[in-house]
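Just start17.cif here, mmCIF, N, CA and C atoms:
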```
data_structure
#
loop_
_atom_site.label_atom_id
_atom_site.label_comp_id
_atom_site.auth_asym_id
_atom_site.auth_seq_id
_atom_site.Cartn_x
_atom_site.Cartn_y
_atom_site.Cartn_z
N MET A 1 -95.25 77.42 -56.40
CA MET A 1 -94.37 77.88 -55.37
C MET A 1 -94.44 76.92 -54.18
N LYS A 2 -93.31 76.60 -53.60
CA LYS A 2 -93.23 75.66 -52.49
C LYS A 2 -93.73 76.30 -51.21
N ARG A 3 -94.44 75.51 -50.46
CA ARG A 3 -94.86 75.98 -49.14
C ARG A 3 -93.69 75.82 -48.17
N SER A 4 -93.60 76.69 -47.26
CA SER A 4 -92.54 76.58 -46.27
C SER A 4 -92.89 75.45 -45.30
N SER A 5 -91.90 74.93 -44.63
CA SER A 5 -92.16 73.86 -43.68
C SER A 5 -93.01 74.36 -42.53
N LEU A 6 -92.89 75.63 -42.19
CA LEU A 6 -93.71 76.20 -41.13
C LEU A 6 -95.18 76.19 -41.54
N ALA A 7 -95.47 76.50 -42.79
CA ALA A 7 -96.85 76.48 -43.27
C ALA A 7 -97.40 75.06 -43.26
N ARG A 8 -96.59 74.08 -43.63
CA ARG A 8 -97.04 72.68 -43.58
C ARG A 8 -97.31 72.25 -42.15
N LYS A 9 -96.45 72.65 -41.22
CA LYS A 9 -96.64 72.28 -39.82
C LYS A 9 -97.90 72.91 -39.26
N ALA A 10 -98.20 74.13 -39.67
CA ALA A 10 -99.41 74.79 -39.21
C ALA A 10 -100.64 74.10 -39.77
N ARG A 11 -100.54 73.62 -40.99
CA ARG A 11 -101.67 72.96 -41.64
C ARG A 11 -101.96 71.60 -41.00
N HIS A 12 -100.92 70.87 -40.65
CA HIS A 12 -101.06 69.56 -40.02
C HIS A 12 -100.27 69.56 -38.71
N PRO A 13 -100.87 70.10 -37.66
CA PRO A 13 -100.12 70.18 -36.40
C PRO A 13 -99.83 68.78 -35.86
N ALA A 14 -98.76 68.68 -35.10
CA ALA A 14 -98.39 67.40 -34.50
C ALA A 14 -99.47 66.98 -33.52
N ARG A 15 -99.80 65.73 -33.56
CA ARG A 15 -100.74 65.18 -32.60
C ARG A 15 -99.93 64.55 -31.47
N HIS A 16 -100.49 64.57 -30.30
CA HIS A 16 -99.81 63.92 -29.19
C HIS A 16 -99.82 62.42 -29.42
N ARG A 17 -98.70 61.79 -29.20
CA ARG A 17 -98.57 60.36 -29.46
C ARG A 17 -99.11 59.50 -28.33
N THR A 18 -99.20 60.04 -27.14
CA THR A 18 -99.60 59.25 -25.97
C THR A 18 -100.96 58.58 -26.14
N PRO A 19 -101.99 59.28 -26.61
CA PRO A 19 -103.27 58.58 -26.78
C PRO A 19 -103.18 57.43 -27.79
N TYR A 20 -102.36 57.60 -28.82
CA TYR A 20 -102.23 56.55 -29.82
C TYR A 20 -101.45 55.36 -29.28
N LEU A 21 -100.47 55.61 -28.41
CA LEU A 21 -99.77 54.51 -27.74
C LEU A 21 -100.75 53.72 -26.87
N PHE A 22 -101.59 54.44 -26.15
CA PHE A 22 -102.60 53.79 -25.32
C PHE A 22 -103.56 52.97 -26.18
N LEU A 23 -104.03 53.55 -27.28
CA LEU A 23 -104.95 52.82 -28.18
C LEU A 23 -104.28 51.59 -28.79
N ALA A 24 -103.00 51.71 -29.13
CA ALA A 24 -102.26 50.56 -29.68
C ALA A 24 -102.17 49.46 -28.64
N PHE A 25 -101.91 49.82 -27.39
CA PHE A 25 -101.81 48.84 -26.31
C PHE A 25 -103.15 48.14 -26.09
N ILE A 26 -104.22 48.92 -26.02
CA ILE A 26 -105.55 48.34 -25.81
C ILE A 26 -105.95 47.46 -26.99
N THR A 27 -105.64 47.89 -28.20
CA THR A 27 -105.95 47.11 -29.39
C THR A 27 -105.19 45.79 -29.38
N THR A 28 -103.93 45.83 -28.97
CA THR A 28 -103.13 44.60 -28.87
C THR A 28 -103.75 43.64 -27.87
N LEU A 29 -104.11 44.16 -26.69
CA LEU A 29 -104.75 43.30 -25.69
C LEU A 29 -106.05 42.70 -26.20
N ALA A 30 -106.85 43.52 -26.87
CA ALA A 30 -108.13 43.03 -27.41
C ALA A 30 -107.90 41.97 -28.48
N GLY A 31 -106.88 42.18 -29.33
CA GLY A 31 -106.58 41.20 -30.37
C GLY A 31 -106.12 39.87 -29.79
N LEU A 32 -105.24 39.92 -28.80
CA LEU A 32 -104.78 38.68 -28.16
C LEU A 32 -105.93 38.00 -27.43
N ALA A 33 -106.78 38.78 -26.78
CA ALA A 33 -107.94 38.21 -26.08
C ALA A 33 -108.92 37.58 -27.07
N SER A 34 -109.06 38.17 -28.26
CA SER A 34 -109.99 37.61 -29.25
C SER A 34 -109.52 36.24 -29.73
N ARG A 35 -108.21 36.01 -29.70
CA ARG A 35 -107.68 34.69 -30.08
C ARG A 35 -107.79 33.70 -28.93
N LYS A 36 -107.49 34.17 -27.72
CA LYS A 36 -107.51 33.27 -26.56
C LYS A 36 -108.93 32.88 -26.17
N TYR A 37 -109.85 33.83 -26.21
CA TYR A 37 -111.22 33.59 -25.77
C TYR A 37 -112.20 33.56 -26.93
N GLY A 38 -111.72 33.22 -28.11
CA GLY A 38 -112.57 33.20 -29.29
C GLY A 38 -113.74 32.23 -29.19
N GLY A 39 -113.59 31.20 -28.40
CA GLY A 39 -114.66 30.22 -28.24
C GLY A 39 -115.88 30.78 -27.55
N TYR A 40 -115.72 31.87 -26.82
CA TYR A 40 -116.82 32.50 -26.12
C TYR A 40 -117.53 33.55 -26.97
N LEU A 41 -116.98 33.84 -28.13
CA LEU A 41 -117.55 34.87 -29.00
C LEU A 41 -118.40 34.23 -30.08
N PRO A 42 -119.33 34.98 -30.67
CA PRO A 42 -120.05 34.46 -31.84
C PRO A 42 -119.06 34.10 -32.95
N THR A 43 -119.40 33.12 -33.75
CA THR A 43 -118.49 32.59 -34.76
C THR A 43 -117.96 33.67 -35.70
N PHE A 44 -118.83 34.53 -36.19
CA PHE A 44 -118.40 35.58 -37.12
C PHE A 44 -117.39 36.51 -36.46
N ILE A 45 -117.67 36.91 -35.24
CA ILE A 45 -116.75 37.82 -34.54
C ILE A 45 -115.44 37.10 -34.24
N SER A 46 -115.53 35.87 -33.80
CA SER A 46 -114.32 35.10 -33.49
C SER A 46 -113.43 34.93 -34.72
N ALA A 47 -114.05 34.76 -35.87
CA ALA A 47 -113.28 34.52 -37.10
C ALA A 47 -112.56 35.78 -37.59
N TYR A 48 -113.15 36.95 -37.40
CA TYR A 48 -112.61 38.16 -38.03
C TYR A 48 -112.13 39.24 -37.07
N ALA A 49 -112.39 39.09 -35.79
CA ALA A 49 -112.01 40.14 -34.83
C ALA A 49 -110.50 40.35 -34.80
N GLY A 50 -109.74 39.28 -34.78
CA GLY A 50 -108.28 39.40 -34.73
C GLY A 50 -107.72 40.14 -35.92
N ASP A 51 -108.22 39.84 -37.11
CA ASP A 51 -107.74 40.51 -38.32
C ASP A 51 -108.11 41.99 -38.32
N ALA A 52 -109.33 42.30 -37.91
CA ALA A 52 -109.76 43.70 -37.86
C ALA A 52 -108.95 44.49 -36.83
N LEU A 53 -108.71 43.87 -35.68
CA LEU A 53 -107.92 44.55 -34.65
C LEU A 53 -106.47 44.70 -35.08
N TRP A 54 -105.94 43.73 -35.81
CA TRP A 54 -104.57 43.82 -36.33
C TRP A 54 -104.46 45.02 -37.28
N ALA A 55 -105.43 45.16 -38.16
CA ALA A 55 -105.42 46.29 -39.10
C ALA A 55 -105.54 47.62 -38.35
N MET A 56 -106.34 47.64 -37.30
CA MET A 56 -106.47 48.86 -36.50
C MET A 56 -105.14 49.18 -35.80
N LEU A 57 -104.46 48.14 -35.31
CA LEU A 57 -103.16 48.34 -34.68
C LEU A 57 -102.15 48.92 -35.66
N VAL A 58 -102.17 48.45 -36.89
CA VAL A 58 -101.27 49.00 -37.91
C VAL A 58 -101.56 50.49 -38.11
N PHE A 59 -102.83 50.86 -38.14
CA PHE A 59 -103.18 52.28 -38.26
C PHE A 59 -102.61 53.07 -37.09
N TRP A 60 -102.79 52.59 -35.87
CA TRP A 60 -102.28 53.32 -34.69
C TRP A 60 -100.77 53.46 -34.75
N LEU A 61 -100.08 52.39 -35.13
CA LEU A 61 -98.61 52.45 -35.17
C LEU A 61 -98.11 53.43 -36.23
N ILE A 62 -98.76 53.45 -37.38
CA ILE A 62 -98.37 54.41 -38.41
C ILE A 62 -98.70 55.83 -37.95
N ARG A 63 -99.81 55.99 -37.25
CA ARG A 63 -100.18 57.31 -36.72
C ARG A 63 -99.13 57.77 -35.70
N ILE A 64 -98.62 56.87 -34.90
CA ILE A 64 -97.58 57.22 -33.92
C ILE A 64 -96.32 57.68 -34.64
N ALA A 65 -95.95 56.94 -35.69
CA ALA A 65 -94.71 57.26 -36.41
C ALA A 65 -94.83 58.55 -37.22
N PHE A 66 -96.01 58.84 -37.74
CA PHE A 66 -96.22 60.00 -38.61
C PHE A 66 -97.35 60.86 -38.05
N SER A 67 -97.10 61.49 -36.92
CA SER A 67 -98.16 62.21 -36.22
C SER A 67 -98.62 63.47 -36.94
N ARG A 68 -97.81 64.01 -37.83
CA ARG A 68 -98.19 65.24 -38.55
C ARG A 68 -98.99 64.98 -39.82
N LYS A 69 -99.05 63.75 -40.25
CA LYS A 69 -99.75 63.44 -41.50
C LYS A 69 -101.26 63.41 -41.27
N PRO A 70 -102.03 63.76 -42.29
CA PRO A 70 -103.49 63.70 -42.15
C PRO A 70 -103.98 62.25 -42.06
N SER A 71 -105.16 62.07 -41.53
CA SER A 71 -105.71 60.73 -41.30
C SER A 71 -105.83 59.92 -42.59
N TRP A 72 -106.23 60.56 -43.69
CA TRP A 72 -106.37 59.83 -44.94
C TRP A 72 -105.03 59.26 -45.38
N TRP A 73 -103.93 59.97 -45.13
CA TRP A 73 -102.59 59.51 -45.49
C TRP A 73 -102.23 58.29 -44.66
N VAL A 74 -102.48 58.37 -43.36
CA VAL A 74 -102.18 57.25 -42.45
C VAL A 74 -103.02 56.04 -42.83
N ALA A 75 -104.30 56.25 -43.08
CA ALA A 75 -105.19 55.14 -43.44
C ALA A 75 -104.77 54.48 -44.74
N SER A 76 -104.36 55.26 -45.71
CA SER A 76 -103.95 54.67 -46.99
C SER A 76 -102.68 53.84 -46.82
N ARG A 77 -101.75 54.29 -46.00
CA ARG A 77 -100.52 53.51 -45.76
C ARG A 77 -100.83 52.24 -44.98
N ALA A 78 -101.73 52.33 -44.02
CA ALA A 78 -102.12 51.15 -43.26
C ALA A 78 -102.81 50.13 -44.16
N LEU A 79 -103.65 50.61 -45.08
CA LEU A 79 -104.33 49.72 -46.01
C LEU A 79 -103.34 49.02 -46.94
N VAL A 80 -102.40 49.77 -47.48
CA VAL A 80 -101.39 49.18 -48.37
C VAL A 80 -100.55 48.15 -47.61
N PHE A 81 -100.16 48.47 -46.38
CA PHE A 81 -99.38 47.53 -45.57
C PHE A 81 -100.19 46.26 -45.31
N ALA A 82 -101.46 46.41 -44.94
CA ALA A 82 -102.30 45.24 -44.67
C ALA A 82 -102.48 44.38 -45.92
N PHE A 83 -102.70 45.02 -47.08
CA PHE A 83 -102.80 44.27 -48.33
C PHE A 83 -101.50 43.53 -48.63
N ALA A 84 -100.37 44.19 -48.39
CA ALA A 84 -99.07 43.56 -48.65
C ALA A 84 -98.87 42.32 -47.77
N ILE A 85 -99.27 42.41 -46.53
CA ILE A 85 -99.15 41.26 -45.63
C ILE A 85 -100.07 40.13 -46.10
N GLU A 86 -101.29 40.47 -46.48
CA GLU A 86 -102.22 39.44 -46.97
C GLU A 86 -101.69 38.76 -48.22
N VAL A 87 -101.19 39.53 -49.17
CA VAL A 87 -100.65 38.95 -50.41
C VAL A 87 -99.41 38.13 -50.11
N SER A 88 -98.60 38.56 -49.14
CA SER A 88 -97.38 37.81 -48.80
C SER A 88 -97.72 36.43 -48.27
N GLN A 89 -98.93 36.23 -47.79
CA GLN A 89 -99.32 34.92 -47.28
C GLN A 89 -99.51 33.89 -48.40
N LEU A 90 -99.53 34.36 -49.62
CA LEU A 90 -99.59 33.44 -50.76
C LEU A 90 -98.21 32.85 -51.09
N TYR A 91 -97.16 33.47 -50.60
CA TYR A 91 -95.78 33.06 -50.87
C TYR A 91 -95.30 32.19 -49.72
N HIS A 92 -94.73 31.02 -50.05
CA HIS A 92 -94.34 30.06 -49.02
C HIS A 92 -92.90 29.61 -49.18
N ALA A 93 -91.97 30.53 -49.05
CA ALA A 93 -90.56 30.16 -49.01
C ALA A 93 -90.29 29.51 -47.66
N PRO A 94 -89.35 28.56 -47.60
CA PRO A 94 -89.07 27.89 -46.32
C PRO A 94 -88.70 28.86 -45.18
N TRP A 95 -87.88 29.87 -45.49
CA TRP A 95 -87.48 30.80 -44.44
C TRP A 95 -88.64 31.64 -43.95
N LEU A 96 -89.58 31.95 -44.86
CA LEU A 96 -90.74 32.74 -44.49
C LEU A 96 -91.73 31.90 -43.68
N ASP A 97 -91.89 30.64 -44.07
CA ASP A 97 -92.74 29.75 -43.29
C ASP A 97 -92.16 29.52 -41.90
N TRP A 98 -90.83 29.43 -41.81
CA TRP A 98 -90.19 29.29 -40.49
C TRP A 98 -90.48 30.53 -39.65
N LEU A 99 -90.36 31.71 -40.26
CA LEU A 99 -90.63 32.95 -39.55
C LEU A 99 -92.08 33.00 -39.06
N ARG A 100 -92.99 32.53 -39.90
CA ARG A 100 -94.41 32.50 -39.52
C ARG A 100 -94.68 31.49 -38.41
N SER A 101 -93.80 30.52 -38.23
CA SER A 101 -93.99 29.53 -37.17
C SER A 101 -93.61 30.07 -35.80
N THR A 102 -92.93 31.20 -35.73
CA THR A 102 -92.61 31.82 -34.45
C THR A 102 -93.82 32.63 -33.98
N THR A 103 -93.87 32.89 -32.69
CA THR A 103 -95.02 33.63 -32.14
C THR A 103 -95.13 35.03 -32.74
N LEU A 104 -94.03 35.77 -32.74
CA LEU A 104 -94.06 37.13 -33.29
C LEU A 104 -94.34 37.11 -34.79
N GLY A 105 -93.70 36.20 -35.51
CA GLY A 105 -93.93 36.09 -36.95
C GLY A 105 -95.37 35.75 -37.27
N SER A 106 -95.95 34.90 -36.45
CA SER A 106 -97.35 34.53 -36.64
C SER A 106 -98.28 35.72 -36.41
N LEU A 107 -97.99 36.50 -35.37
CA LEU A 107 -98.84 37.65 -35.08
C LEU A 107 -98.72 38.74 -36.13
N VAL A 108 -97.52 38.94 -36.68
CA VAL A 108 -97.30 40.01 -37.66
C VAL A 108 -97.67 39.58 -39.07
N LEU A 109 -97.25 38.37 -39.46
CA LEU A 109 -97.40 37.94 -40.85
C LEU A 109 -98.62 37.06 -41.11
N GLY A 110 -99.18 36.48 -40.08
CA GLY A 110 -100.32 35.59 -40.26
C GLY A 110 -99.90 34.24 -40.83
N HIS A 111 -100.88 33.40 -41.13
CA HIS A 111 -100.57 32.05 -41.59
C HIS A 111 -101.00 31.75 -43.01
N GLY A 112 -102.16 32.19 -43.38
CA GLY A 112 -102.65 31.83 -44.70
C GLY A 112 -103.59 32.89 -45.24
N PHE A 113 -103.65 32.96 -46.53
CA PHE A 113 -104.55 33.90 -47.20
C PHE A 113 -105.94 33.30 -47.14
N LEU A 114 -106.84 33.98 -46.47
CA LEU A 114 -108.18 33.41 -46.27
C LEU A 114 -109.22 34.06 -47.13
#
```
Would you put the structure from the file into structure tokens?
Amino acid sequence: MKRSSLARKARHPARHRTPYLFLAFITTLAGLASRKYGGYLPTFISAYAGDALWAMLVFWLIRIAFSRKPSWWVASRALVFAFAIEVSQLYHAPWLDWLRSTTLGSLVLGHGFL
């Protein structure tokens, strides 16, 4: 028997989006700072902080878009999206490489599969 939409909403109440917008903003600033000031960080942190913060930002953005979904659902979608972006870095079509050469394309798509 199908659950009513009211029962689903009660089970997964809407979360306020404002804290997640704030977290996304702070994560973006931290990610950009990790690239700009990476020379001041330990090598391991400098090498991976940007990627980890990017993945966290994807989680926050999906959480903002789907505030009623449970955390495991949001995390699984963020993981699949991150894997898709990483795998896409193996593909080097001219138009995609051009897109990656732009600032926004570089931040979203990355440069190479590492």
Return as an MDAnalysis selection string the set of residues that the PyMOL selection byres (((chain A and resi 23-26 and name CA) around 10) and name CA) yields on the displayed structure. chainID A and resid 17:22 27:32 53:54 56:61 63:64
List as a PyMOL selection string the protein and nucleic acid residues near Ala78 of chain A, meaning an atom at most 7 Å away when only N, CA and C atoms are counted, but skip any in the same chain fewer than 2 places from it. chain A and resi 55+58-59+62+73-76+80-83
Test item, helix (DSSP H, G or I) assignment across chain A, answer as an MDAnalysis selection string: chainID A and resid 5:11 18:36 38:40 43:65 71:88 94:101 103:109
The PyMOL selection byres ((chain A and resi 87-93) around 7) - which residues does that actually catch in the file I just gave you? List them as a compact mmCIF listing (two decimals) with N, CA and C atoms, in the coordinates of the input.
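Below you can see result-v3.txt, which holds the result:
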```txt
# COMPACT_ATOMS: atom_id res chain seq x y z
N ALA A 82 -101.46 46.41 -44.94
CA ALA A 82 -102.30 45.24 -44.67
C ALA A 82 -102.48 44.38 -45.92
N PHE A 83 -102.70 45.02 -47.08
CA PHE A 83 -102.80 44.27 -48.33
C PHE A 83 -101.50 43.53 -48.63
N ALA A 84 -100.37 44.19 -48.39
CA ALA A 84 -99.07 43.56 -48.65
C ALA A 84 -98.87 42.32 -47.77
N ILE A 85 -99.27 42.41 -46.53
CA ILE A 85 -99.15 41.26 -45.63
C ILE A 85 -100.07 40.13 -46.10
N GLU A 86 -101.29 40.47 -46.48
CA GLU A 86 -102.22 39.44 -46.97
C GLU A 86 -101.69 38.76 -48.22
N PRO A 94 -89.35 28.56 -47.60
CA PRO A 94 -89.07 27.89 -46.32
C PRO A 94 -88.70 28.86 -45.18
N TRP A 95 -87.88 29.87 -45.49
CA TRP A 95 -87.48 30.80 -44.44
C TRP A 95 -88.64 31.64 -43.95
N LEU A 96 -89.58 31.95 -44.86
CA LEU A 96 -90.74 32.74 -44.49
C LEU A 96 -91.73 31.90 -43.68
N ASP A 97 -91.89 30.64 -44.07
CA ASP A 97 -92.74 29.75 -43.29
C ASP A 97 -92.16 29.52 -41.90
N TRP A 98 -90.83 29.43 -41.81
CA TRP A 98 -90.19 29.29 -40.49
C TRP A 98 -90.48 30.53 -39.65
N LEU A 109 -97.25 38.37 -39.46
CA LEU A 109 -97.40 37.94 -40.85
C LEU A 109 -98.62 37.06 -41.11
N GLY A 110 -99.18 36.48 -40.08
CA GLY A 110 -100.32 35.59 -40.26
C GLY A 110 -99.90 34.24 -40.83
N HIS A 111 -100.88 33.40 -41.13
CA HIS A 111 -100.57 32.05 -41.59
C HIS A 111 -101.00 31.75 -43.01
N GLY A 112 -102.16 32.19 -43.38
CA GLY A 112 -102.65 31.83 -44.70
C GLY A 112 -103.59 32.89 -45.24
N PHE A 113 -103.65 32.96 -46.53
CA PHE A 113 -104.55 33.90 -47.20
C PHE A 113 -105.94 33.30 -47.14
```
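You will find atom N of Arg77 of chain A at 27.4 Å from atom C of Arg35 of chain A.
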